[in-house]
Amino acid sequence: MSQRIVIDPVTRIEGHAKITLHLDDDGQVADARFHVTEFRGFEKFCEGRLFWEMPSITARICGICPVSHLMASAKAGDTILGVRIPTAAEKLRRLMNWGQIVQSHALSFFHLSGPDLVLGMESDPMQRNLAGLIALNPEFARDGIRLRQFGQDVIRLLGGKSIHPAWCVPGGVREPLSVEKRDEMLRRLPEAFEIIERALKLYKNEVVAKHRREYDVYGNFPSLFIGLVSNQGGLEHYDGLLRVMDSDGTILEPGLAPKRFREVIAEAVEPWTYLKMPYYKPYGYEGHAGLYRVGPLARVNLCDFAGTPKAEAELRLFRSNGRVVRQGFAYHYARLIEILFALEKIEETLNAPDVTNKHVRSQAEVNHLHGVGVSEAPRGTLFHEYWVDEAGLLQSVNLIIATGQNNLAMNRTVLQIARAYVAGQKLHEGLLNRLEHGIRLFDPCLSCSTHAAGQMPLTVELHGPDGELLDGLQRG
Amino acid sequence: METVVTLTLNGEMVSARADQTLLDVIREQKIDLPTLCHMQGLSERGGCRLCVVEVQGAPRPMAACVTPVTEGMVVRTHTPELEHQRRLVVELLLAERNHVCAVCVVNGHCDLQWAAAKLGVASVRYEYLHPDLTMDASHARFVLDHNRCILCTRCVRVCDEVEGAHTWDIAGRGIKTRVITDLSRPWGDSPSCTSCGKCVQVCPTGALFEKGATVAEMTKERDFVGWIIRGRTKREWTW
Amino acid sequence: MNRIELQAIADKEIERQQELKCRVLCCASTACLSSGGQEVRKALQDELKAAGLTKDVQVVATGCKGLCSRGPVVEVTGPAQERVLYANVTAEAAQQIVRQHLVGGQPVNDYRLDADSPFFTKQVRVVLSNSGIVDPERIEDYIARQGYAALGHALREMTPEEVCLAIRRSGLRGRGGAGYATGLKWDLVRKADGRDKYVIANGDEGDPGAYMDRTLMESDPHRVLEGMALAGYAVGAEQGFLYVRGEYPLAVKRLERAIKAAERQGVLGSRIFDSNFNFRVDIRIGAGAFVCGEETALMSSIMGRRGEPRPRPPYPAQSGLWNSPTLINNVETFGNIAPIILNGPEWYAAMGTEKSKGTKIFALTGNVNNTGLIEVPMGITLREIVFEIGGGIPDGRTFKAAQTGGPSGGCIPAEYLDTPVDYESLTALGSMMGSGGLIVMDDQTSMVDVAKFYMEFCMDESCGKCVPCRVGTAQMHRLLSRLIAGEASAADLATLEELCRMVKALSLCGLGQSAPNPILSTLKYFRAEYEARLKSGAAHGAPSQEAA
Amino acid sequence: MRAGLLVIGFGNPLRSDDGLGWRAAERLAETQPDTAVVTTHQLVPELAETLSECERAVFIDAADPAASGAEPGTVLVQDLVPRSPEPSAFSHHLDPAGLLAMAQTLYGYAPKAQLITVVGASFDFGEQLSPSVQAALEAIVRQINADE
C-alpha cells in the first residue's frame, strides 16, 4: 500500500490541477502525478461552425496565449484553403508571435519565478514573494512590467487589441502595417533591449550561483525534445519543420513537415487526468519511454543556431557545458534567450522594406478537407488540426497544447524534486515551494482545456498507507 | 390627389400624406425609432415590435410600421414605458438564439447590436434558450447561420418582392420557426436561388453573410433596395 | 324550392315521425362514440329486429345531449311516450332496454337518468335546441324542426339591412371570445365597398378542453349553414367558407353531407328560395395550428398561405379574403342566427343580462361531477353552473377555481362564485368568456402548474411571427418551470410579471396579447402559491459585507 | 491628479459566469462615463501601475461554487489591504491584494480597494450570465453607483 501526498492548488484562469506524490512502503517517493481535474473542451462547441471563425474563437478561449492559438488556427485555415500567404502577411504574423513570446516570457521570469530566483528558495517565506522581491529590487519588477508592455504593444499595434486580436485570418492577416505603427514599435525597441540585457546579466551573475542544487536537481533527466526549427535549422517560433532530439544530442527526426506530426506524436489517456499525455510515437508510451519536452528549453536545444547575433552569442554560452542542456532549471535561461532573439527579430523584420506591403491576404475557397496548423507558443508547440466538409464546416477539431505535451515531463520533474526533498511523513514549506517551482519551470497553462474560478488556498496533504491524513499544509 | 392629414407627434403638430405609415412620418421628423423587421422598399411585417408607439385612444401600443396615419392621431414615441418594453424585446431576441457577438462576422455592424446599444440593453435577464442550430454553408458564396437569425424575414421578402425568386420562406412555428430555402433543401442545391445576394445585404444580423468573412469583417449595404425600387418605379438610377 | 315546398317536406317528416310508436335517439357525437355508442346502436337495432319492432321503432343517430361524462346517452321518445333518458348504456343494457322498455313498457331504472335534474332543467337550449334530437345526416329532420324557415322568411320578407338590424337588436355578441357586437360587424361588411364579399365560419376550435363548435357542427350542421346563408344575404356575400380544424373528421363528414343535401334541396346554391340570392359554402380544413383560430391567420390559411396573423387595421370587414370585405364569425355565433330571425330579436334579447344577451355554450370539464356540454342563459352564476348543473365537486373536495377562456383566459377563485357569467364580469375578474371552455379545479390543483400548462400550450402554438409571443412565451414557460423546480428567486418572479405585461401589451395578435392571462390571473388570486415555490432564503442580489 | 474610480473586471468572458467581472465593468463604464475600467482575463503585473493612478479601485470577479460553498449569485465584498502577492504554481494570476502591494512599493501609492466576488453557476462556453449571477450583477452595479 502506498502513501500519497496531495497538493491541491487552485488557479484561476488556467484550471484546476493538483499533484499527488505516491510513497512506497519505505517512505520513498515512488510516483508523481500531475492531475488536471476538470475539462471543458471547446472542441465540441466548434463542430458545425466554419473554420473561418476558428482563429477568433480559439483566441478568445484562452487569455494567456491568444496569439499562439490565433497563429495555429489561421495556419490550419491556410492549409484548408491550400494557399501560401503573402510575404508581408507572414512577416506580420511572425511579429505578433514574437510580441507574444516577449510578454509571456517576461511575466514568467520577472514576476512568477522572480521571487524564487532573486531571493532564493530557502529564504524567509514571508519575504520570498513578489513584495519581497520588489522591496529588494524594485527596478527588476519595473523592468518586467516595461518589457511586458512592449510585447503587448506590438500585439496591440498589429491586431488592434492586446487580447483577442481577430486580425489573423485564414489566408493572411486583415490589416497591413502602417508606417506610423512600425515606427512606434521601433521607437520602443531600445528600452526593451536594455531590460533583457540587464536580466541576462542578473541571471548569469546571481541566479545560477544561488541555485546550484536546484539547477542540478530540477527537471534534470534525460528526455526527448520536440519543437520547430526553421527550414535551415535555426531557432523558430512560427513555422518550419518539426525536429526530435534526445538529450544526448542525437537527432531522431531532423525536420518533419508539421502536417505529418502524427508520425511522431501520439496521445495517451490516463484515467486520473483529463489532460491527454502526448508521447513520441516511435518510442511508445510504455514506461513513459516516449516522454518529451517542448517549450523554450526544447527550442533552444533543438536549433542548430539562433540566427541573430546577440541571441547567437547567448546560445553559445548556454551550450558551454554541452550541446544539450537537460536541466529544467535552464528553462529560465532559455526564456531570456528567446526574449532577446524575439527582440532582434522584431527589429530585423520591422526594418525589412516589404513589412508595410499592402497585400496581406490570399483569397481561396475550401480546397482541402483536412488542415494542420502549428505554432510555437511561449510554453511549447501548439497543434490545431481540423477536418471540414466541402462547405468548410468543421467536422472534427483536435488541439494538442504545449502544457499537455509537457505533461509527462512535469510529472517526472515533480517526482525528482519529491525524491530529493521529501523526508519522513511531515510536509514542510520548502518542499511545497520546490514542487511549485518545479512546475513553474514549464510555465504551464491549461486555460484552453480547463478552467476554474475563484481562489482556493493551496493545500498539501500527506496520507498514510491506508489513505489516512498524516499531515496537511495550507497556503493563502 | 393626395389627402393630407394632421397628427400630433410627441406634442408637435405634423402633417402627413394619408397613405403614409406612422413610421414614415416619424422617420421624416428625424425621430430615432429602432426597427429590425422594417426595411424601406419591402412590405411591412410588424413582427419585431420595436417600433411600437403610444397612440391616444388605442388600448395598447401600436407598431408604427404597420399603422396608417389618421387625422387627429396623437402619438408618443419615447415614453419610459415604451423604451422599457423595447428593451425587453431586444433581451428576448438576444436570449433566443446563440448570439455571441465576440465571434460574429458582423460584430460592430449589426442591427440587433445597434438596437441593443441604442436602447441601453446592458444585460439579458432571461435564460438563454441555447437551441441546437446548424449552419448552412452549402452555397458557393454565402452562408446561413441559424444561430444568429432573428426571423425578421427581410430575406424572405426581398427575395420574393424585389428579386422575384422566392427562394426563402419560413418553416415551423413558435420558437421552432426557421428560415428555409426552397422546400428546406440545402441552399447550395436551391434551383430557384439566383445568387444575387440581396438577402445577405438586407439581413440585419450575421445570420446571412459572405463566405470567407471573419469576425467583425462583414458590412452590409442596406440602401440598395430603395435604389432598385426608385430605379424601377421612377427610372432614377443614380445613387 | 320555395317556402311551400319547404313546409311540405316538414309536414311529411313530422307525419312519418308521428306514425312511429317511438324513436330511440342515440347520441352519435364524438364523446359517446368513443365510449361505445356505435355498439349500443347496433345492439338496439339487432334486438329490435329480433323483437320484430323495426317498423314501429326507429333508432336515430343524433347529436350530443350534453352529459358526455355519462355516455353513451340514449333517449326514448314518442308521441304517446314519456321521455326517458338512459346513461352509461352498454350493449347489454341496450338489449335490456328493448326487451324491458320498448317491448315490456317498463323503463330500465338501473340506467335511467333523471331528466328533471338541474343538469337539464337549468339549461336553456337555443343553439343546441336540435342537438341530440335531430339526425344530423338527414336534412328532413332539421326541416321538420323549422329548419331553413328563417332563411326562407328572410329572403322573402326582409331586406339585408333589416336582417342586420334584427341581429343588432338581438344584442348577439361574437361567441368566439372577444364578444364584438355581431350585428355591428354585419353592418360594416354590408356597407363595405367590394364586388366580392365573403362569409367565414370559424370552426378552428383549439382551446384545450373546449368542444362547443365541434358538437354543434356534428349535431346540427344545418343550423350553422343556415346561419351562414343568412349572413351571406345580410352582407351581400355569395361565398362562404367553413374553416374546420383537421382534428374534427366527423364534423367535416357531416358538414359535407349537409352541404350536399342543402344544395339538392335548393336551400344553398343558386337562386335560393327562388330569390336572386346565391350562396355557396365550401369547407376548408385546418392543419392543427391554434393560431389559425385568429381571424387574420385563418384567412391567410384559407388563401393557401402560411397561417400567420397580420396587424389590424385593416379589419376583415374592410379587407379580408383576397382584399375583399369579409365577415368572419364563430360557428356558435352562426348557430344563434336562425332562432333570432324566427323568434324575433326581442325574444332573444329577453334572455341574458343587459350587455350580454342570449345563451352561451360551455364545455364543462375538470373536477366536477357532471362534465359535458351545457348551454346556459347569460348571467347565470358560476355557482349555479358548478354546483347545480355540474353537480358539485367529486370526492368530497372543495371548489378552488374555475378556468374560462382557455389559454387566453384566466382563473376565477371561489370568492367570485356568485359572479354572473357575462362578457364584462369575466373580463373584470381578469378572465374572459372565451369560446366556452370551463374547467373546474378542486383544492388539490396547483395553480402554478395550471399556469405552466397553458404557457406550454401557448409556446407550442405561437406562430413565431412577433418576438414578444414567440420568445416571450418560451421565457415565461422557462421561468415557470424554474419556479416549479424551486430554483427561482423573488427577482425571477418579478421578471416573470414584467414579461407578462410586455407580452400582453406588445404582441401582434390576440393570442399573444392574451397568452400571459393564465399567469396574471393566477398571480392575482393565488400569489401565495407562487411565493411558496420560491427558492428558500433566496435573497439574491443583496451584497453581504465581509471584512477581509 | 489621480483618476477617481477604477474598476477591474477579470475572468473569461466566454466562460459564462466567469465573465461577470467584464460585464459588471462594462456596465459601470456605461452608467458612469468618468469611471476608468479595465477588463482582463487575469490580473497582470502592469496593472500595478494603473492602480497607482486611481483614488479607489474595485476588483470584480466570479467565484467557484464548490470552493466557496455558497449558492450561485451570492455576493461577497471584501475590503482589501496590500498584501504580498503569491502567484500560484500553475497560474499566471496575481491576486488583487498583491497587485496593491506592487502598486504601493513600485509606484509609491495604493488606492483604497475592494474585491467583489459573485459565486457563479455555470462556467461552460458562452457569453451570457446565469440568472442568479445576472441579478447579482445588477445589485453590484447599483451598489457601486450608490457608493460614488
# chains A, B, ... in the order shown; residues from 1 in each chain; ligands from 1

call {"tool": "residues_around", "arguments": {"residues": "Leu129 of chain D", "least_positions_apart": "4", "cutoff": "9 Å", "atoms": "only C-alpha atoms", "output": "ChimeraX atom specification"}}
result
/B:123-125,127-128 /D:15-20,23,120-122,133-134

call {"tool": "interface_residues", "arguments": {"of": "chain B", "to": "chain A", "cutoff": "10 Å", "atoms": "only C-alpha atoms", "output": "VMD selection string"}}
result
chain B and resid 102 to 105 133 to 141 143 145 188 211 to 217

call {"tool": "residues_around", "arguments": {"residues": "Leu100 of chain D", "least_positions_apart": "6", "cutoff": "8 Å", "atoms": "only C-alpha atoms", "output": "list in words"}}
result
Ala48, Leu51, Val81, Pro82, Arg83, Ala110 and Pro111 of chain D

call {"tool": "write_last_selection", "arguments": {"atoms": "all heavy atoms", "output": "mmCIF file, in the first residue's frame"}}
result
data_model
loop_
_atom_site.group_PDB
_atom_site.id
_atom_site.type_symbol
_atom_site.label_atom_id
_atom_site.label_comp_id
_atom_site.auth_asym_id
_atom_site.auth_seq_id
_atom_site.Cartn_x
_atom_site.Cartn_y
_atom_site.Cartn_z
ATOM 1 N N ALA D 48 -0.425 47.143 -11.754
ATOM 2 C CA ALA D 48 0.051 47.860 -10.573
ATOM 3 C C ALA D 48 0.221 49.335 -10.894
ATOM 4 O O ALA D 48 -0.127 50.208 -10.087
ATOM 5 C CB ALA D 48 1.374 47.254 -10.093
ATOM 6 N N LEU D 51 -3.173 50.938 -11.161
ATOM 7 C CA LEU D 51 -3.759 51.080 -9.826
ATOM 8 C C LEU D 51 -3.205 52.298 -9.099
ATOM 9 O O LEU D 51 -3.926 52.991 -8.376
ATOM 10 C CB LEU D 51 -3.472 49.828 -8.988
ATOM 11 C CG LEU D 51 -4.428 48.659 -9.151
ATOM 12 C CD1 LEU D 51 -3.870 47.445 -8.434
ATOM 13 C CD2 LEU D 51 -5.808 49.011 -8.599
ATOM 14 N N VAL D 81 -6.448 45.043 1.655
ATOM 15 C CA VAL D 81 -5.244 45.765 2.079
ATOM 16 C C VAL D 81 -4.082 45.168 1.288
ATOM 17 O O VAL D 81 -4.094 43.984 0.974
ATOM 18 C CB VAL D 81 -4.989 45.604 3.591
ATOM 19 C CG1 VAL D 81 -5.957 46.458 4.384
ATOM 20 C CG2 VAL D 81 -5.114 44.149 4.013
ATOM 21 N N PRO D 82 -3.105 45.979 0.973
ATOM 22 C CA PRO D 82 -1.965 45.457 0.217
ATOM 23 C C PRO D 82 -1.339 44.286 0.962
ATOM 24 O O PRO D 82 -1.168 44.317 2.175
ATOM 25 C CB PRO D 82 -0.992 46.641 0.148
ATOM 26 C CG PRO D 82 -1.866 47.838 0.320
ATOM 27 C CD PRO D 82 -2.966 47.416 1.237
ATOM 28 N N ARG D 83 -1.067 43.234 0.223
ATOM 29 C CA ARG D 83 -0.502 42.045 0.833
ATOM 30 C C ARG D 83 0.441 41.421 -0.185
ATOM 31 O O ARG D 83 0.196 41.496 -1.387
ATOM 32 C CB ARG D 83 -1.627 41.069 1.163
ATOM 33 C CG ARG D 83 -1.215 39.937 2.079
ATOM 34 C CD ARG D 83 -2.412 39.043 2.352
ATOM 35 N NE ARG D 83 -2.955 38.536 1.112
ATOM 36 C CZ ARG D 83 -4.201 38.057 1.000
ATOM 37 N NH1 ARG D 83 -5.016 38.066 2.011
ATOM 38 N NH2 ARG D 83 -4.605 37.586 -0.157
ATOM 39 N N ALA D 110 -0.973 53.063 -3.174
ATOM 40 C CA ALA D 110 -2.003 52.054 -3.432
ATOM 41 C C ALA D 110 -3.355 52.644 -3.054
ATOM 42 O O ALA D 110 -3.493 53.223 -1.974
ATOM 43 C CB ALA D 110 -1.734 50.804 -2.613
ATOM 44 N N PRO D 111 -4.318 52.536 -3.913
ATOM 45 C CA PRO D 111 -5.629 53.120 -3.617
ATOM 46 C C PRO D 111 -6.396 52.276 -2.606
ATOM 47 O O PRO D 111 -6.056 51.130 -2.340
ATOM 48 C CB PRO D 111 -6.329 53.084 -4.969
ATOM 49 C CG PRO D 111 -5.736 51.897 -5.647
ATOM 50 C CD PRO D 111 -4.317 51.817 -5.185
#

call {"tool": "select_by_dssp", "arguments": {"residues": "segment 118-294 of chain C", "states": "alpha helix (DSSP H)", "output": "ChimeraX atom specification"}}
result
/C:118-121,139-144,149-157,160-170,182-191,212-219,221-235,249-265

call {"tool": "residues_around", "arguments": {"residues": "segment 225-241 of chain A", "least_positions_apart": "3", "cutoff": "7 Å", "atoms": "only C-alpha atoms", "output": "VMD selection string"}}
result
chain A and resid 94 244 to 246 255 to 258 292 to 294 298 to 300 303 to 307 375 to 376 381

call {"tool": "write_last_selection", "arguments": {"atoms": "N, CA, C and O atoms", "output": "PDB file, in the first residue's frame"}}
result
ATOM      1  N   ARG A  94       4.498  36.779 -37.866  1.00  0.00           N
ATOM      2  CA  ARG A  94       5.690  36.481 -37.063  1.00  0.00           C
ATOM      3  C   ARG A  94       5.914  37.573 -36.021  1.00  0.00           C
ATOM      4  O   ARG A  94       6.244  37.287 -34.863  1.00  0.00           O
ATOM      5  N   VAL A 244      13.009  16.307 -33.699  1.00  0.00           N
ATOM      6  CA  VAL A 244      13.005  15.494 -32.483  1.00  0.00           C
ATOM      7  C   VAL A 244      14.446  15.122 -32.162  1.00  0.00           C
ATOM      8  O   VAL A 244      15.193  14.669 -33.040  1.00  0.00           O
ATOM      9  N   MET A 245      14.818  15.341 -30.890  1.00  0.00           N
ATOM     10  CA  MET A 245      16.205  15.083 -30.499  1.00  0.00           C
ATOM     11  C   MET A 245      16.197  14.480 -29.110  1.00  0.00           C
ATOM     12  O   MET A 245      15.312  14.785 -28.312  1.00  0.00           O
ATOM     13  N   ASP A 246      17.172  13.629 -28.821  1.00  0.00           N
ATOM     14  CA  ASP A 246      17.214  13.142 -27.446  1.00  0.00           C
ATOM     15  C   ASP A 246      18.227  13.961 -26.644  1.00  0.00           C
ATOM     16  O   ASP A 246      18.909  14.831 -27.187  1.00  0.00           O
ATOM     17  N   GLY A 255      13.786  16.984 -39.548  1.00  0.00           N
ATOM     18  CA  GLY A 255      12.847  18.028 -39.957  1.00  0.00           C
ATOM     19  C   GLY A 255      11.651  17.446 -40.670  1.00  0.00           C
ATOM     20  O   GLY A 255      11.709  17.090 -41.837  1.00  0.00           O
ATOM     21  N   LEU A 256      10.583  17.321 -39.927  1.00  0.00           N
ATOM     22  CA  LEU A 256       9.369  16.706 -40.463  1.00  0.00           C
ATOM     23  C   LEU A 256       8.367  17.823 -40.759  1.00  0.00           C
ATOM     24  O   LEU A 256       8.194  18.735 -39.954  1.00  0.00           O
ATOM     25  N   ALA A 257       7.737  17.721 -41.901  1.00  0.00           N
ATOM     26  CA  ALA A 257       6.690  18.710 -42.191  1.00  0.00           C
ATOM     27  C   ALA A 257       5.629  18.620 -41.099  1.00  0.00           C
ATOM     28  O   ALA A 257       5.182  17.517 -40.772  1.00  0.00           O
ATOM     29  N   PRO A 258       5.219  19.767 -40.509  1.00  0.00           N
ATOM     30  CA  PRO A 258       4.309  19.713 -39.361  1.00  0.00           C
ATOM     31  C   PRO A 258       3.014  18.956 -39.642  1.00  0.00           C
ATOM     32  O   PRO A 258       2.456  18.343 -38.738  1.00  0.00           O
ATOM     33  N   TYR A 292       8.698  13.517 -23.746  1.00  0.00           N
ATOM     34  CA  TYR A 292       9.476  14.587 -24.372  1.00  0.00           C
ATOM     35  C   TYR A 292       9.086  15.928 -23.776  1.00  0.00           C
ATOM     36  O   TYR A 292       8.083  16.041 -23.081  1.00  0.00           O
ATOM     37  N   ARG A 293       9.961  16.893 -24.018  1.00  0.00           N
ATOM     38  CA  ARG A 293       9.692  18.242 -23.521  1.00  0.00           C
ATOM     39  C   ARG A 293       9.560  19.211 -24.684  1.00  0.00           C
ATOM     40  O   ARG A 293      10.231  19.046 -25.716  1.00  0.00           O
ATOM     41  N   VAL A 294       8.688  20.177 -24.519  1.00  0.00           N
ATOM     42  CA  VAL A 294       8.549  21.252 -25.507  1.00  0.00           C
ATOM     43  C   VAL A 294       8.762  22.578 -24.771  1.00  0.00           C
ATOM     44  O   VAL A 294       8.824  22.609 -23.540  1.00  0.00           O
ATOM     45  N   ALA A 298      13.380  23.225 -24.992  1.00  0.00           N
ATOM     46  CA  ALA A 298      13.399  22.346 -26.155  1.00  0.00           C
ATOM     47  C   ALA A 298      13.851  23.115 -27.397  1.00  0.00           C
ATOM     48  O   ALA A 298      14.724  22.659 -28.136  1.00  0.00           O
ATOM     49  N   ARG A 299      13.268  24.279 -27.608  1.00  0.00           N
ATOM     50  CA  ARG A 299      13.586  25.037 -28.828  1.00  0.00           C
ATOM     51  C   ARG A 299      15.057  25.437 -28.875  1.00  0.00           C
ATOM     52  O   ARG A 299      15.710  25.338 -29.906  1.00  0.00           O
ATOM     53  N   VAL A 300      15.536  25.911 -27.698  1.00  0.00           N
ATOM     54  CA  VAL A 300      16.914  26.372 -27.667  1.00  0.00           C
ATOM     55  C   VAL A 300      17.860  25.183 -27.815  1.00  0.00           C
ATOM     56  O   VAL A 300      18.935  25.297 -28.412  1.00  0.00           O
ATOM     57  N   CYS A 303      17.645  23.803 -31.920  1.00  0.00           N
ATOM     58  CA  CYS A 303      18.115  24.545 -33.091  1.00  0.00           C
ATOM     59  C   CYS A 303      19.619  24.365 -33.272  1.00  0.00           C
ATOM     60  O   CYS A 303      20.364  24.127 -32.320  1.00  0.00           O
ATOM     61  N   ASP A 304      20.038  24.483 -34.530  1.00  0.00           N
ATOM     62  CA  ASP A 304      21.467  24.421 -34.812  1.00  0.00           C
ATOM     63  C   ASP A 304      22.123  25.759 -34.506  1.00  0.00           C
ATOM     64  O   ASP A 304      23.285  25.836 -34.185  1.00  0.00           O
ATOM     65  N   PHE A 305      21.359  26.800 -34.648  1.00  0.00           N
ATOM     66  CA  PHE A 305      21.887  28.153 -34.420  1.00  0.00           C
ATOM     67  C   PHE A 305      20.697  29.054 -34.107  1.00  0.00           C
ATOM     68  O   PHE A 305      19.547  28.677 -34.359  1.00  0.00           O
ATOM     69  N   ALA A 306      20.982  30.228 -33.547  1.00  0.00           N
ATOM     70  CA  ALA A 306      19.884  31.141 -33.243  1.00  0.00           C
ATOM     71  C   ALA A 306      19.519  31.956 -34.475  1.00  0.00           C
ATOM     72  O   ALA A 306      18.357  32.079 -34.831  1.00  0.00           O
ATOM     73  N   GLY A 307      20.536  32.524 -35.109  1.00  0.00           N
ATOM     74  CA  GLY A 307      20.235  33.261 -36.330  1.00  0.00           C
ATOM     75  C   GLY A 307      20.238  34.770 -36.149  1.00  0.00           C
ATOM     76  O   GLY A 307      20.085  35.501 -37.117  1.00  0.00           O
ATOM     77  N   SER A 375       2.203  26.220 -34.288  1.00  0.00           N
ATOM     78  CA  SER A 375       2.994  27.398 -33.926  1.00  0.00           C
ATOM     79  C   SER A 375       3.717  27.083 -32.633  1.00  0.00           C
ATOM     80  O   SER A 375       3.356  26.145 -31.925  1.00  0.00           O
ATOM     81  N   GLU A 376       4.741  27.847 -32.372  1.00  0.00           N
ATOM     82  CA  GLU A 376       5.431  27.702 -31.090  1.00  0.00           C
ATOM     83  C   GLU A 376       4.846  28.723 -30.125  1.00  0.00           C
ATOM     84  O   GLU A 376       5.095  29.918 -30.221  1.00  0.00           O
ATOM     85  N   THR A 381       5.125  23.763 -28.394  1.00  0.00           N
ATOM     86  CA  THR A 381       4.474  23.579 -29.691  1.00  0.00           C
ATOM     87  C   THR A 381       2.966  23.406 -29.523  1.00  0.00           C
ATOM     88  O   THR A 381       2.514  22.698 -28.635  1.00  0.00           O
TER      89      THR A 381
END

call {"tool": "interface_residues", "arguments": {"of": "chain D", "to": "chain B", "cutoff": "9 Å", "atoms": "only C-alpha atoms", "output": "ChimeraX atom specification"}}
result
/D:14,23,26-27,30,126-131,134-135,138

call {"tool": "interface_residues", "arguments": {"of": "chain B", "to": "chain C", "cutoff": "10 Å", "atoms": "only C-alpha atoms", "output": "count of residues only"}}
result
52

call {"tool": "decode", "arguments": {"residues": "segment 93-106 of chain A", "atoms": "N, CA and C atoms", "output": "mmCIF file, in the first residue's frame"}}
result
data_model
loop_
_atom_site.group_PDB
_atom_site.id
_atom_site.type_symbol
_atom_site.label_atom_id
_atom_site.label_comp_id
_atom_site.auth_asym_id
_atom_site.auth_seq_id
_atom_site.Cartn_x
_atom_site.Cartn_y
_atom_site.Cartn_z
ATOM 1 N N ARG A 93 2.495 38.237 -39.114
ATOM 2 C CA ARG A 93 2.132 37.189 -38.171
ATOM 3 C C ARG A 93 3.311 36.858 -37.248
ATOM 4 N N ARG A 94 4.498 36.779 -37.866
ATOM 5 C CA ARG A 94 5.690 36.481 -37.063
ATOM 6 C C ARG A 94 5.914 37.573 -36.021
ATOM 7 N N LEU A 95 5.735 38.824 -36.440
ATOM 8 C CA LEU A 95 5.934 39.930 -35.499
ATOM 9 C C LEU A 95 5.024 39.769 -34.274
ATOM 10 N N MET A 96 3.779 39.459 -34.554
ATOM 11 C CA MET A 96 2.848 39.329 -33.444
ATOM 12 C C MET A 96 3.251 38.156 -32.541
ATOM 13 N N ASN A 97 3.673 37.083 -33.162
ATOM 14 C CA ASN A 97 4.065 35.918 -32.382
ATOM 15 C C ASN A 97 5.265 36.240 -31.486
ATOM 16 N N TRP A 98 6.207 37.013 -31.998
ATOM 17 C CA TRP A 98 7.363 37.390 -31.174
ATOM 18 C C TRP A 98 6.928 38.327 -30.041
ATOM 19 N N GLY A 99 6.001 39.196 -30.358
ATOM 20 C CA GLY A 99 5.484 40.069 -29.293
ATOM 21 C C GLY A 99 4.917 39.241 -28.157
ATOM 22 N N GLN A 100 4.240 38.180 -28.546
ATOM 23 C CA GLN A 100 3.646 37.278 -27.568
ATOM 24 C C GLN A 100 4.727 36.585 -26.733
ATOM 25 N N ILE A 101 5.789 36.146 -27.390
ATOM 26 C CA ILE A 101 6.893 35.490 -26.683
ATOM 27 C C ILE A 101 7.462 36.455 -25.630
ATOM 28 N N VAL A 102 7.642 37.692 -26.038
ATOM 29 C CA VAL A 102 8.259 38.671 -25.131
ATOM 30 C C VAL A 102 7.379 38.885 -23.898
ATOM 31 N N GLN A 103 6.093 39.132 -24.108
ATOM 32 C CA GLN A 103 5.259 39.480 -22.940
ATOM 33 C C GLN A 103 5.042 38.283 -22.035
ATOM 34 N N SER A 104 4.880 37.116 -22.628
ATOM 35 C CA SER A 104 4.602 35.937 -21.818
ATOM 36 C C SER A 104 5.840 35.506 -21.042
ATOM 37 N N HIS A 105 6.986 35.467 -21.710
ATOM 38 C CA HIS A 105 8.223 35.085 -21.028
ATOM 39 C C HIS A 105 8.567 36.092 -19.929
ATOM 40 N N ALA A 106 8.293 37.350 -20.190
ATOM 41 C CA ALA A 106 8.602 38.376 -19.192
ATOM 42 C C ALA A 106 7.796 38.134 -17.918
#
